[in-house]
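Shown here: query17.txt, compact mmCIF, C-alpha atoms.
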# COMPACT_ATOMS: atom_id res chain seq x y z
CA MET A 15 95.30 69.16 89.97
CA ARG A 16 92.69 71.18 88.08
CA LYS A 17 93.64 74.27 90.02
CA LEU A 18 97.29 73.76 89.14
CA LEU A 19 96.47 73.43 85.45
CA ALA A 20 94.29 76.55 85.62
CA TYR A 21 97.19 78.47 87.16
CA ILE A 22 99.58 77.26 84.46
CA PHE A 23 97.28 78.14 81.59
CA LEU A 24 96.04 81.43 82.96
CA TRP A 25 99.01 82.75 84.91
CA LEU A 26 101.91 81.96 82.58
CA PRO A 27 100.51 83.77 79.53
CA ALA A 28 99.56 86.71 81.77
CA THR A 29 103.09 86.99 83.11
CA GLN A 30 104.51 86.75 79.62
CA THR A 31 102.21 89.56 78.58
CA ILE A 32 103.40 91.68 81.48
CA THR A 33 107.05 90.92 80.66
CA LEU A 34 106.62 91.84 77.00
CA ALA A 35 104.46 94.89 77.73
CA GLN A 36 107.01 96.67 79.94
CA ASN A 37 110.68 96.66 79.22
CA ALA A 38 113.49 97.11 81.69
CA VAL A 39 115.35 100.40 81.26
CA SER A 40 118.99 101.29 81.63
CA LYS A 41 120.29 102.99 84.76
CA SER A 42 120.57 106.37 83.06
CA GLU A 43 117.10 106.03 81.57
CA GLN A 44 115.78 105.07 85.02
CA GLU A 45 117.28 108.21 86.52
CA ARG A 46 115.74 110.28 83.74
CA ILE A 47 112.31 108.75 84.31
CA ILE A 48 112.50 109.24 88.08
CA SER A 49 113.50 112.86 87.54
CA GLU A 50 110.60 113.31 85.11
CA ILE A 51 108.09 111.87 87.58
CA SER A 52 109.49 113.87 90.51
CA THR A 53 109.43 117.15 88.53
CA SER A 54 105.86 116.55 87.48
CA ALA A 55 104.83 115.53 90.98
CA HIS A 56 106.43 118.69 92.34
CA SER A 57 103.90 120.73 90.39
CA ILE A 58 101.01 118.98 92.19
CA ARG A 59 99.64 121.20 94.93
CA THR A 60 96.39 119.30 95.41
CA LEU A 61 95.10 116.00 94.14
CA GLN A 62 91.65 114.42 94.32
CA CYS A 63 90.45 111.14 92.96
CA LYS A 64 88.30 108.11 93.46
CA PHE A 65 89.87 104.74 94.03
CA GLU A 66 88.94 101.10 93.89
CA GLN A 67 90.87 98.70 96.09
CA THR A 68 90.92 94.97 95.43
CA LYS A 69 92.34 92.63 98.02
CA GLU A 70 92.96 89.04 96.98
CA LEU A 71 92.56 86.54 99.76
CA SER A 72 94.04 83.21 98.77
CA ILE A 73 92.58 81.36 101.76
CA MET A 74 89.09 82.51 100.84
CA ASP A 75 89.49 82.06 97.06
CA ASP A 76 87.87 85.43 96.98
CA LYS A 77 88.44 89.14 96.58
CA MET A 78 87.41 92.03 98.74
CA VAL A 79 86.57 95.15 96.77
CA SER A 80 86.40 98.54 98.49
CA LYS A 81 85.79 101.97 97.04
CA GLY A 82 86.48 105.44 98.25
CA THR A 83 87.96 108.85 97.67
CA MET A 84 91.39 110.31 98.22
CA ALA A 85 92.55 113.88 98.61
CA PHE A 86 96.08 115.19 98.97
CA ALA A 87 97.40 118.68 99.63
CA ARG A 88 101.07 119.57 99.74
CA PRO A 89 103.17 119.28 101.83
CA GLY A 90 101.61 116.20 103.40
CA ASN A 91 97.89 116.50 104.18
CA LEU A 92 96.07 113.37 103.16
CA SER A 93 92.49 112.16 103.35
CA TRP A 94 91.75 108.53 102.55
CA HIS A 95 88.05 107.78 102.84
CA TYR A 96 86.49 104.38 102.24
CA THR A 97 82.81 104.67 101.32
CA SER A 98 81.90 101.13 100.34
CA PRO A 99 81.33 98.52 101.70
CA TYR A 100 82.45 100.15 104.95
CA ASP A 101 82.80 103.71 106.16
CA TYR A 102 86.37 104.42 107.25
CA ASN A 103 88.37 107.61 107.34
CA PHE A 104 92.12 107.97 107.57
CA ILE A 105 93.30 111.58 107.66
CA ILE A 106 96.78 112.97 108.11
CA ALA A 107 96.78 116.68 108.80
CA ASN A 108 98.80 119.06 110.95
CA ASP A 109 101.07 116.29 112.30
CA LYS A 110 98.14 114.25 113.53
CA VAL A 111 96.50 111.07 112.30
CA HIS A 112 92.72 110.99 112.60
CA ILE A 113 90.93 107.69 112.23
CA GLY A 114 87.17 107.47 112.04
CA LYS A 115 85.15 104.33 111.72
CA GLY A 116 81.42 104.71 111.97
CA LYS A 117 80.76 106.79 115.07
CA SER A 118 84.14 106.26 116.72
CA HIS A 119 86.97 108.69 116.19
CA LYS A 120 90.56 108.59 117.31
CA SER A 121 93.45 111.03 116.96
CA ILE A 122 97.11 110.12 117.24
CA ASP A 123 100.12 112.39 117.30
CA LEU A 124 102.08 111.49 114.20
CA LYS A 125 105.40 112.15 115.93
CA SER A 126 104.65 109.57 118.62
CA SER A 127 103.91 106.72 116.24
CA GLN A 128 106.59 105.26 113.99
CA THR A 129 104.04 102.99 112.30
CA PHE A 130 101.86 105.87 111.20
CA GLN A 131 104.90 107.91 110.23
CA GLY A 132 105.85 105.04 107.95
CA ILE A 133 102.38 104.86 106.44
CA ALA A 134 102.24 108.64 105.94
CA LYS A 135 105.69 108.64 104.35
CA MET A 136 104.75 105.76 102.05
CA ILE A 137 101.47 107.28 100.82
CA ALA A 138 102.78 110.84 100.45
CA GLY A 139 105.94 109.48 98.86
CA SER A 140 103.94 107.51 96.29
CA VAL A 141 101.78 110.49 95.36
CA THR A 142 104.71 112.90 95.11
CA GLY A 143 107.11 110.39 93.58
CA LYS A 144 109.49 110.90 96.48
CA CYS A 145 109.60 107.18 97.32
CA LEU A 146 111.37 106.58 94.00
CA THR A 147 114.38 108.50 95.28
CA GLN A 148 114.37 107.01 98.80
CA THR A 149 117.04 104.46 97.93
CA LYS A 150 117.86 103.79 101.57
CA ASP A 151 114.28 102.50 102.06
CA PHE A 152 113.69 100.75 98.72
CA ASP A 153 115.44 99.09 95.83
CA VAL A 154 113.83 100.70 92.79
CA LYS A 155 113.59 99.19 89.29
CA ILE A 156 111.72 100.95 86.50
CA ARG A 157 110.04 99.32 83.53
CA ALA A 158 108.38 101.23 80.74
CA ASN A 159 106.22 100.92 77.68
CA GLU A 160 104.49 103.45 75.47
CA ARG A 161 101.74 104.15 77.96
CA VAL A 162 103.10 103.68 81.47
CA TYR A 163 106.12 103.71 83.72
CA VAL A 164 106.09 100.93 86.30
CA ALA A 165 108.27 101.25 89.38
CA HIS A 166 109.00 98.08 91.32
CA LEU A 167 109.96 98.88 94.89
CA THR A 168 111.52 96.23 97.09
CA PRO A 169 111.63 97.25 100.77
CA LYS A 170 114.97 97.22 102.51
CA ASP A 171 113.68 97.67 106.05
CA LYS A 172 113.32 94.24 107.65
CA HIS A 173 110.03 95.10 109.40
CA PHE A 174 108.49 96.44 106.22
CA LYS A 175 109.79 93.40 104.33
CA LYS A 176 107.82 91.09 106.59
CA MET A 177 104.66 92.88 105.48
CA PHE A 178 105.33 93.54 101.79
CA THR A 179 107.74 91.82 99.45
CA THR A 180 107.10 94.22 96.54
CA ILE A 181 105.26 97.42 95.84
CA ARG A 182 104.45 98.28 92.26
CA LEU A 183 103.58 101.86 91.27
CA THR A 184 102.22 102.53 87.80
CA TYR A 185 102.51 106.06 86.44
CA ASN A 186 100.66 107.33 83.40
CA ARG A 187 103.19 108.71 80.90
CA ALA A 188 100.78 111.22 79.41
CA ASN A 189 99.98 113.12 82.58
CA ARG A 190 102.57 111.56 84.92
CA THR A 191 100.07 110.82 87.65
CA MET A 192 99.88 107.54 89.47
CA ASP A 193 97.41 105.12 87.87
CA SER A 194 97.66 102.33 90.40
CA VAL A 195 99.50 100.81 93.34
CA GLU A 196 99.95 97.10 93.86
CA MET A 197 101.32 95.67 97.11
CA THR A 198 102.33 92.04 97.37
CA GLU A 199 102.41 90.58 100.86
CA ALA A 200 104.80 87.97 102.14
CA ASN A 201 102.06 85.32 101.93
CA GLY A 202 101.48 86.11 98.26
CA ASP A 203 98.23 88.02 98.65
CA VAL A 204 97.99 91.15 96.53
CA THR A 205 96.27 94.43 97.27
CA SER A 206 95.80 96.67 94.27
CA ILE A 207 94.44 100.18 94.23
CA VAL A 208 93.34 101.80 91.00
CA PHE A 209 92.87 105.57 90.88
CA LYS A 210 90.14 107.14 88.75
CA GLU A 211 88.78 110.60 87.95
CA ILE A 212 92.01 112.24 89.03
CA LYS A 213 91.84 116.03 89.45
CA GLN A 214 95.02 117.97 89.95
CA ASN A 215 95.37 121.41 91.51
CA GLN A 216 91.63 121.91 91.97
CA PRO A 217 90.42 123.65 95.11
CA LEU A 218 89.60 121.22 97.90
CA GLY A 219 86.58 121.49 100.19
CA GLU A 220 87.13 123.15 103.55
CA ASN A 221 86.45 120.04 105.61
CA VAL A 222 88.33 117.54 103.51
CA PHE A 223 90.95 117.05 106.21
CA ASN A 224 88.49 117.11 109.12
CA LEU A 225 86.64 114.13 110.47
CA ASP A 226 83.58 116.24 111.34
CA MET B 256 58.93 49.72 145.30
CA ARG B 257 56.57 52.27 143.85
CA MET B 258 58.90 55.17 144.67
CA TYR B 259 61.78 53.20 143.22
CA LEU B 260 59.91 52.77 139.94
CA ILE B 261 58.99 56.43 139.89
CA TRP B 262 62.66 57.37 140.29
CA ILE B 263 63.66 54.99 137.51
CA SER B 264 61.03 56.51 135.20
CA PHE B 265 62.22 59.99 136.08
CA LEU B 266 65.82 59.11 135.31
CA LEU B 267 64.82 57.49 132.04
CA LEU B 268 62.88 60.63 131.13
CA LEU B 269 65.97 62.75 131.75
CA THR B 270 68.14 60.61 129.49
CA ALA B 271 65.53 60.71 126.73
CA PHE B 272 65.94 64.49 126.51
CA PRO B 273 69.56 65.11 127.38
CA VAL B 274 70.37 68.57 128.68
CA SER B 275 73.48 69.50 126.80
CA ALA B 276 76.35 70.61 128.97
CA GLN B 277 77.65 72.54 125.99
CA ASN B 278 76.34 75.71 124.48
CA SER B 279 76.48 75.79 120.70
CA TYR B 280 77.99 79.01 119.43
CA PRO B 281 78.64 78.55 115.74
CA LEU B 282 77.81 82.20 115.40
CA LEU B 283 79.92 83.02 112.42
CA LEU B 284 78.16 80.22 110.62
CA SER B 285 74.99 82.27 110.99
CA GLY B 286 76.47 84.50 108.32
CA GLY B 287 75.54 81.87 105.77
CA GLU B 288 77.89 80.67 103.10
CA ARG B 289 79.82 83.93 102.94
CA ALA B 290 79.71 86.95 105.16
CA SER B 291 81.60 90.17 105.79
CA TRP B 292 81.89 91.74 109.19
CA ASN B 293 83.22 94.96 110.68
CA PHE B 294 85.80 93.69 113.14
CA THR B 295 87.21 95.31 116.26
CA LEU B 296 89.68 93.89 118.75
CA GLU B 297 90.30 95.87 121.92
CA ARG B 298 92.65 95.34 124.79
CA GLY B 299 93.10 98.20 127.20
CA GLN B 300 94.16 101.26 125.21
CA MET B 301 95.03 99.20 122.17
CA MET B 302 92.46 98.72 119.44
CA ILE B 303 92.64 97.30 115.98
CA THR B 304 89.83 97.53 113.46
CA GLY B 305 89.32 95.79 110.20
CA ILE B 306 87.12 93.55 108.15
CA CYS B 307 86.51 89.87 108.78
CA LEU B 308 85.43 87.69 105.89
CA THR B 309 84.02 84.28 106.66
CA ARG B 310 83.06 81.40 104.49
CA GLN B 311 81.32 78.21 105.40
CA THR B 312 83.04 75.01 104.37
CA GLU B 313 81.75 71.45 104.32
CA ASP B 314 82.74 70.79 107.91
CA GLY B 315 83.45 74.15 109.42
CA VAL B 316 84.27 77.72 108.58
CA LYS B 317 87.28 79.64 107.37
CA GLY B 318 87.98 83.31 107.54
CA ALA B 319 90.42 86.13 107.16
CA VAL B 320 90.80 89.36 109.08
CA VAL B 321 92.36 92.30 107.25
CA ASN B 322 92.53 95.96 108.10
CA GLU B 323 90.67 98.54 106.03
CA PHE B 324 93.75 99.11 103.86
CA GLY B 325 93.84 95.40 103.07
CA ILE B 326 96.78 94.58 105.33
CA HIS B 327 96.40 91.03 106.57
CA TYR B 328 96.04 90.50 110.33
CA PHE B 329 95.44 86.76 110.34
CA ASP B 330 93.36 84.02 108.83
CA PHE B 331 91.76 81.03 110.49
CA VAL B 332 90.27 77.69 109.66
CA CYS B 333 87.84 75.78 111.84
CA HIS B 334 87.70 72.14 110.90
CA ASN B 335 86.07 69.44 113.00
CA ASN B 336 85.85 71.83 115.93
CA LYS B 337 89.58 72.56 115.84
CA VAL B 338 90.82 76.02 114.93
CA LYS B 339 94.10 76.92 113.27
CA VAL B 340 95.34 80.50 113.02
CA ASN B 341 97.72 81.23 110.14
CA ASN B 342 99.49 84.03 108.32
CA VAL B 343 99.53 86.27 111.35
CA PHE B 344 100.64 89.90 110.99
CA PRO B 345 104.34 89.98 111.93
CA HIS B 346 103.89 92.21 115.00
CA MET B 347 101.21 89.83 116.32
CA ASN B 348 102.94 86.63 115.35
CA LYS B 349 103.82 85.29 118.83
CA TRP B 350 102.89 81.81 120.03
CA TYR B 351 100.94 83.13 123.01
CA ILE B 352 98.90 85.52 120.86
CA ARG B 353 98.12 82.77 118.36
CA ARG B 354 97.04 80.51 121.20
CA VAL B 355 94.64 83.10 122.63
CA LEU B 356 93.20 83.83 119.18
CA ARG B 357 92.76 80.14 118.50
CA ASN B 358 90.93 79.49 121.75
CA ASP B 359 88.75 82.57 121.45
CA LEU B 360 87.85 81.94 117.81
CA ARG B 361 86.93 78.37 118.67
CA LEU B 362 84.01 79.72 120.66
CA LEU B 363 82.71 81.64 117.68
CA THR B 364 83.21 79.06 114.99
CA ALA B 365 82.76 75.69 116.64
CA ASN B 366 80.57 73.92 119.11
CA SER B 367 82.43 74.65 122.26
CA ALA B 368 81.54 75.36 125.83
CA LEU B 369 82.19 78.65 127.53
CA LYS B 370 84.20 78.11 130.70
CA PRO B 371 82.64 80.16 133.49
CA GLY B 372 84.70 83.21 134.39
CA ARG B 373 87.05 82.95 131.40
CA ARG B 374 84.98 84.29 128.53
CA LEU B 375 81.72 86.12 128.13
CA LEU B 376 79.58 86.22 125.06
CA LYS B 377 77.65 89.47 124.86
CA ALA B 378 75.21 90.99 122.41
CA CYS B 379 74.65 87.80 120.51
CA GLN B 380 72.52 88.71 117.48
CA PRO B 381 72.54 87.39 113.90
CA ASP B 382 74.13 90.62 112.71
CA SER B 383 76.36 91.49 115.63
CA LEU B 384 78.15 89.77 118.42
CA SER B 385 80.75 90.48 121.01
CA LEU B 386 83.08 88.12 122.83
CA GLN B 387 85.05 89.11 125.88
CA ASN B 388 88.07 87.19 127.06
CA ILE B 389 87.89 88.10 130.74
CA LYS B 390 91.26 86.60 131.66
CA TYR B 391 93.24 88.70 129.20
CA GLY B 392 90.88 91.67 128.92
CA ILE B 393 90.31 91.29 125.19
CA THR B 394 87.03 92.17 123.49
CA TYR B 395 86.15 91.09 119.97
CA ARG B 396 83.27 92.71 118.13
CA PHE B 397 81.72 91.65 114.87
CA GLU B 398 79.06 93.63 113.02
CA ARG B 399 77.65 92.32 109.81
CA LEU B 400 78.37 94.45 106.76
CA GLN B 401 75.34 95.02 104.60

Show how you would write the structure in this file as structure tokens.
Amino acid sequence: MRKLLAYIFLWLPATQTITLAQNAVSKSEQERIISEISTSAHSIRTLQCKFEQTKELSIMDDKMVSKGTMAFARPGNLSWHYTSPYDYNFIIANDKVHIGKGKSHKSIDLKSSQTFQGIAKMIAGSVTGKCLTQTKDFDVKIRANERVYVAHLTPKDKHFKKMFTTIRLTYNRANRTMDSVEMTEANGDVTSIVFKEIKQNQPLGENVFNLD
Amino acid sequence: MRMYLIWISFLLLLTAFPVSAQNSYPLLLSGGERASWNFTLERGQMMITGICLTRQTEDGVKGAVVNEFGIHYFDFVCHNNKVKVNNVFPHMNKWYIRRVLRNDLRLLTANSALKPGRRLLKACQPDSLSLQNIKYGITYRFERLQ
């Protein structure tokens, strides 16, 4: 009972705040915003940042917080490196997926794995804004306030739907980079990733997309 | 008569200190109230890795296994030596997979006996352990995250 009351008093005002803070936009305004984000994303040749990922686990009444670094280079090279509390590397480069955890490494041909193709498409699409125009994969609704654009993506693919009911991308209006990603699973658990110290079009290290 | 009494005494001595037919393997409980583990599940060429979080409850343990990106594989609750597996990742959500997970996790979270030839507990340390399901060729590995 106490938990229910806590949810009512804490959650309802929070949702009201979210509703008031971002307003739905008209269809034409949505198209304008998507075009603005895509144009800006098109100018990104490289991207580096730190991220903090928070995974809510309802069964544990707890959160799992992970930190790491991300690097992206057009057209689709990606390095996603968790540094704390575990060491895990996920690299997409030259049509291959390289996964490294501790001392073990594995490489998979991207063309032979639909799952990894989906992941690569999702991540690259979020960074470049391309996922906002992939209307055959997602229903897209944009909300906006003075500071951010928030894109709510609802998957159309039935397999993807079983994993995620909604994906929320928040773009900073000032520099049009992605501030955060929030993925809501079918069981209600939420994974949110906040990006920090974003550097655009800076030279990347030579071995950023190597596991060695 | 004397031999008879000696046998009786011997039998009484045995019952005073019963040799348990069961091995206690509440290994995930050794993590304390809460623990995080590097998790690996291997079967043949297939391998999944992730993080397992466990938490002691009043009468058992509960846990969740997610991959490094936070995608949920499954969660489990051990209560009164019975294990339930819930919220299983869609591609793994088959009754026969849930049954195997349930039975294997029971060995790690409850007082349960290992049936000879079916499962093998290897490398049993406070900070790492490995369980092999011989029948289905599955190996689970847990390494405590610092």

Closest-contact table, chain B side, partner chain A, 12 Å, counting all atoms listed in the file, as CSV:
residue,atom,partner,partner_atom,distance
B:Glu288,CA,A:Met74,CA,11.6
B:Arg289,CA,A:Met74,CA,9.6
B:Ala290,CA,A:Met78,CA,11.2
B:Ser291,CA,A:Pro99,CA,9.3
B:Trp292,CA,A:Tyr100,CA,9.4
B:Asn293,CA,A:Tyr100,CA,7.8
B:Phe294,CA,A:Lys115,CA,10.8
B:Thr295,CA,A:Lys115,CA,10.3
B:Gln300,CA,A:Lys120,CA,11.4
B:Met301,CA,A:Lys120,CA,11.5
B:Met302,CA,A:Lys120,CA,10.3
B:Ile303,CA,A:Lys115,CA,11.1
B:Thr304,CA,A:Lys115,CA,8.4
B:Gly305,CA,A:Tyr102,CA,9.6
B:Ile306,CA,A:Tyr100,CA,8.7
B:Cys307,CA,A:Met78,CA,10.3
B:Leu308,CA,A:Met74,CA,8.1
B:Thr309,CA,A:Met74,CA,7.9
B:Arg310,CA,A:Met74,CA,7.1
B:Gln311,CA,A:Met74,CA,10.0
B:Thr312,CA,A:Met74,CA,10.3
B:Val316,CA,A:Met74,CA,10.3
B:Lys317,CA,A:Met74,CA,7.4
B:Gly318,CA,A:Met74,CA,6.8
B:Ala319,CA,A:Met74,CA,7.4
B:Val320,CA,A:Leu71,CA,9.9
B:Val321,CA,A:Lys69,CA,9.2
B:Asn322,CA,A:Tyr102,CA,10.5
B:Glu323,CA,A:Tyr102,CA,7.4
B:Phe324,CA,A:Gln67,CA,8.3
B:Gly325,CA,A:Lys69,CA,6.0
B:Ile326,CA,A:Met177,CA,8.1
B:His327,CA,A:Glu199,CA,8.3
B:Tyr328,CA,A:Met177,CA,10.2
B:Phe329,CA,A:Ile73,CA,10.5
B:Asp330,CA,A:Ile73,CA,7.6
B:Phe331,CA,A:Ile73,CA,8.8
B:Val332,CA,A:Ile73,CA,9.0
B:Val340,CA,A:Ile73,CA,11.6
B:Asn341,CA,A:Ile73,CA,9.8
B:Asn342,CA,A:Asn201,CA,7.0
B:Val343,CA,A:Asn201,CA,9.8
B:Phe344,CA,A:Met177,CA,7.4
B:Pro345,CA,A:Lys176,CA,6.5
B:His346,CA,A:His173,CA,8.8
B:Met347,CA,A:Met177,CA,11.8
B:Asn348,CA,A:Lys176,CA,11.0
B:Glu398,CA,A:Tyr100,CA,10.9
B:Arg399,CA,A:Tyr100,CA,10.4
B:Leu400,CA,A:Pro99,CA,7.1
B:Gln401,CA,A:Pro99,CA,7.5

Kindly save the residues from that selection, with C-alpha atoms included, as a CSV table (one decimal), in the coordinates of the input.
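Everything below was put into part38.csv:
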chain,number,residue,atom,x,y,z
B,288,GLU,CA,77.9,80.7,103.1
B,289,ARG,CA,79.8,83.9,102.9
B,290,ALA,CA,79.7,87.0,105.2
B,291,SER,CA,81.6,90.2,105.8
B,292,TRP,CA,81.9,91.7,109.2
B,293,ASN,CA,83.2,95.0,110.7
B,294,PHE,CA,85.8,93.7,113.1
B,295,THR,CA,87.2,95.3,116.3
B,300,GLN,CA,94.2,101.3,125.2
B,301,MET,CA,95.0,99.2,122.2
B,302,MET,CA,92.5,98.7,119.4
B,303,ILE,CA,92.6,97.3,116.0
B,304,THR,CA,89.8,97.5,113.5
B,305,GLY,CA,89.3,95.8,110.2
B,306,ILE,CA,87.1,93.6,108.2
B,307,CYS,CA,86.5,89.9,108.8
B,308,LEU,CA,85.4,87.7,105.9
B,309,THR,CA,84.0,84.3,106.7
B,310,ARG,CA,83.1,81.4,104.5
B,311,GLN,CA,81.3,78.2,105.4
B,312,THR,CA,83.0,75.0,104.4
B,316,VAL,CA,84.3,77.7,108.6
B,317,LYS,CA,87.3,79.6,107.4
B,318,GLY,CA,88.0,83.3,107.5
B,319,ALA,CA,90.4,86.1,107.2
B,320,VAL,CA,90.8,89.4,109.1
B,321,VAL,CA,92.4,92.3,107.2
B,322,ASN,CA,92.5,96.0,108.1
B,323,GLU,CA,90.7,98.5,106.0
B,324,PHE,CA,93.8,99.1,103.9
B,325,GLY,CA,93.8,95.4,103.1
B,326,ILE,CA,96.8,94.6,105.3
B,327,HIS,CA,96.4,91.0,106.6
B,328,TYR,CA,96.0,90.5,110.3
B,329,PHE,CA,95.4,86.8,110.3
B,330,ASP,CA,93.4,84.0,108.8
B,331,PHE,CA,91.8,81.0,110.5
B,332,VAL,CA,90.3,77.7,109.7
B,340,VAL,CA,95.3,80.5,113.0
B,341,ASN,CA,97.7,81.2,110.1
B,342,ASN,CA,99.5,84.0,108.3
B,343,VAL,CA,99.5,86.3,111.4
B,344,PHE,CA,100.6,89.9,111.0
B,345,PRO,CA,104.3,90.0,111.9
B,346,HIS,CA,103.9,92.2,115.0
B,347,MET,CA,101.2,89.8,116.3
B,348,ASN,CA,102.9,86.6,115.4
B,398,GLU,CA,79.1,93.6,113.0
B,399,ARG,CA,77.6,92.3,109.8
B,400,LEU,CA,78.4,94.4,106.8
B,401,GLN,CA,75.3,95.0,104.6

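CA of Glu196 in chain A is positioned 4.9 Å from CA of Arg182 in chain A.
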
Interatomic distance, CA of Asp359 in chain B to CA of Asn336 in chain B (Å, one decimal):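 Between CA of Asp359 in chain B and CA of Asn336 in chain B the gap works out to 12.4 Å.
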
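Of note, CA of Lys339 in chain B and CA of Arg357 in chain B are spaced 6.3 Å apart.
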
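If you measure from each of A:Ser140, A:Asn108, A:Gln62, A:Asn215 to Phe86 in chain A using all atoms listed in the file, the closest one turns out to be A:Gln62.
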
Test item: residues at most 12 Å from Val222 in chain A, only C-alpha atoms, excluding those fewer than 4 positions along its chain, as a list in words: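 The contact residues come out as Thr60, Leu61, Gln62, Thr83, Met84, Ala85, Phe86, Ala87, Asn91, Leu92, Ser93, Trp94, His95, Asn103, Phe104, Ile105, Ile106, Ala107, Pro217, Leu218 and Asp226 of chain A.
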
Residue list as number ranges by chain for point (98.9, 102.1, 87.0), cut-off 10 Å, only C-alpha atoms: A: 161-165, 182-187, 191-196, 206-209

Assuming 6 Å of padding per side, give the centre and edge lengths of the axis-aligned box around every listed atom of range 104-122 of chain A, in Å to one decimal and as lines of an AutoDock Vina configuration file.
center_x = 90.9
center_y = 111.7
center_z = 112.4
size_x = 32.3
size_y = 26.7
size_z = 21.7

Answer as a PyMOL selection string, residues within 12 Å of (104.9, 116.2, 89.1) using all atoms listed in the file: chain A and resi 47-61+88+139-144+185-192+214-215

Among the residues A:Asp109, A:Lys41, A:Ile212, A:Ala158, the one that comes closest to Ser127 in chain A [using all atoms listed in the file]: A:Asp109

Nearest to Leu360 in chain B by atom-to-atom distance, counting all atoms listed in the file, from B:Lys390, B:Arg396, B:Arg257, B:Arg298: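 When distances to Leu360 in chain B are compared using all atoms listed in the file, the smallest one comes from B:Arg396.
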
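The residue that comes closest to Glu43 in chain A, out of A:Leu146, A:Asp171, A:Ile156, A:Thr97 and on the basis of only C-alpha atoms, is A:Ile156.
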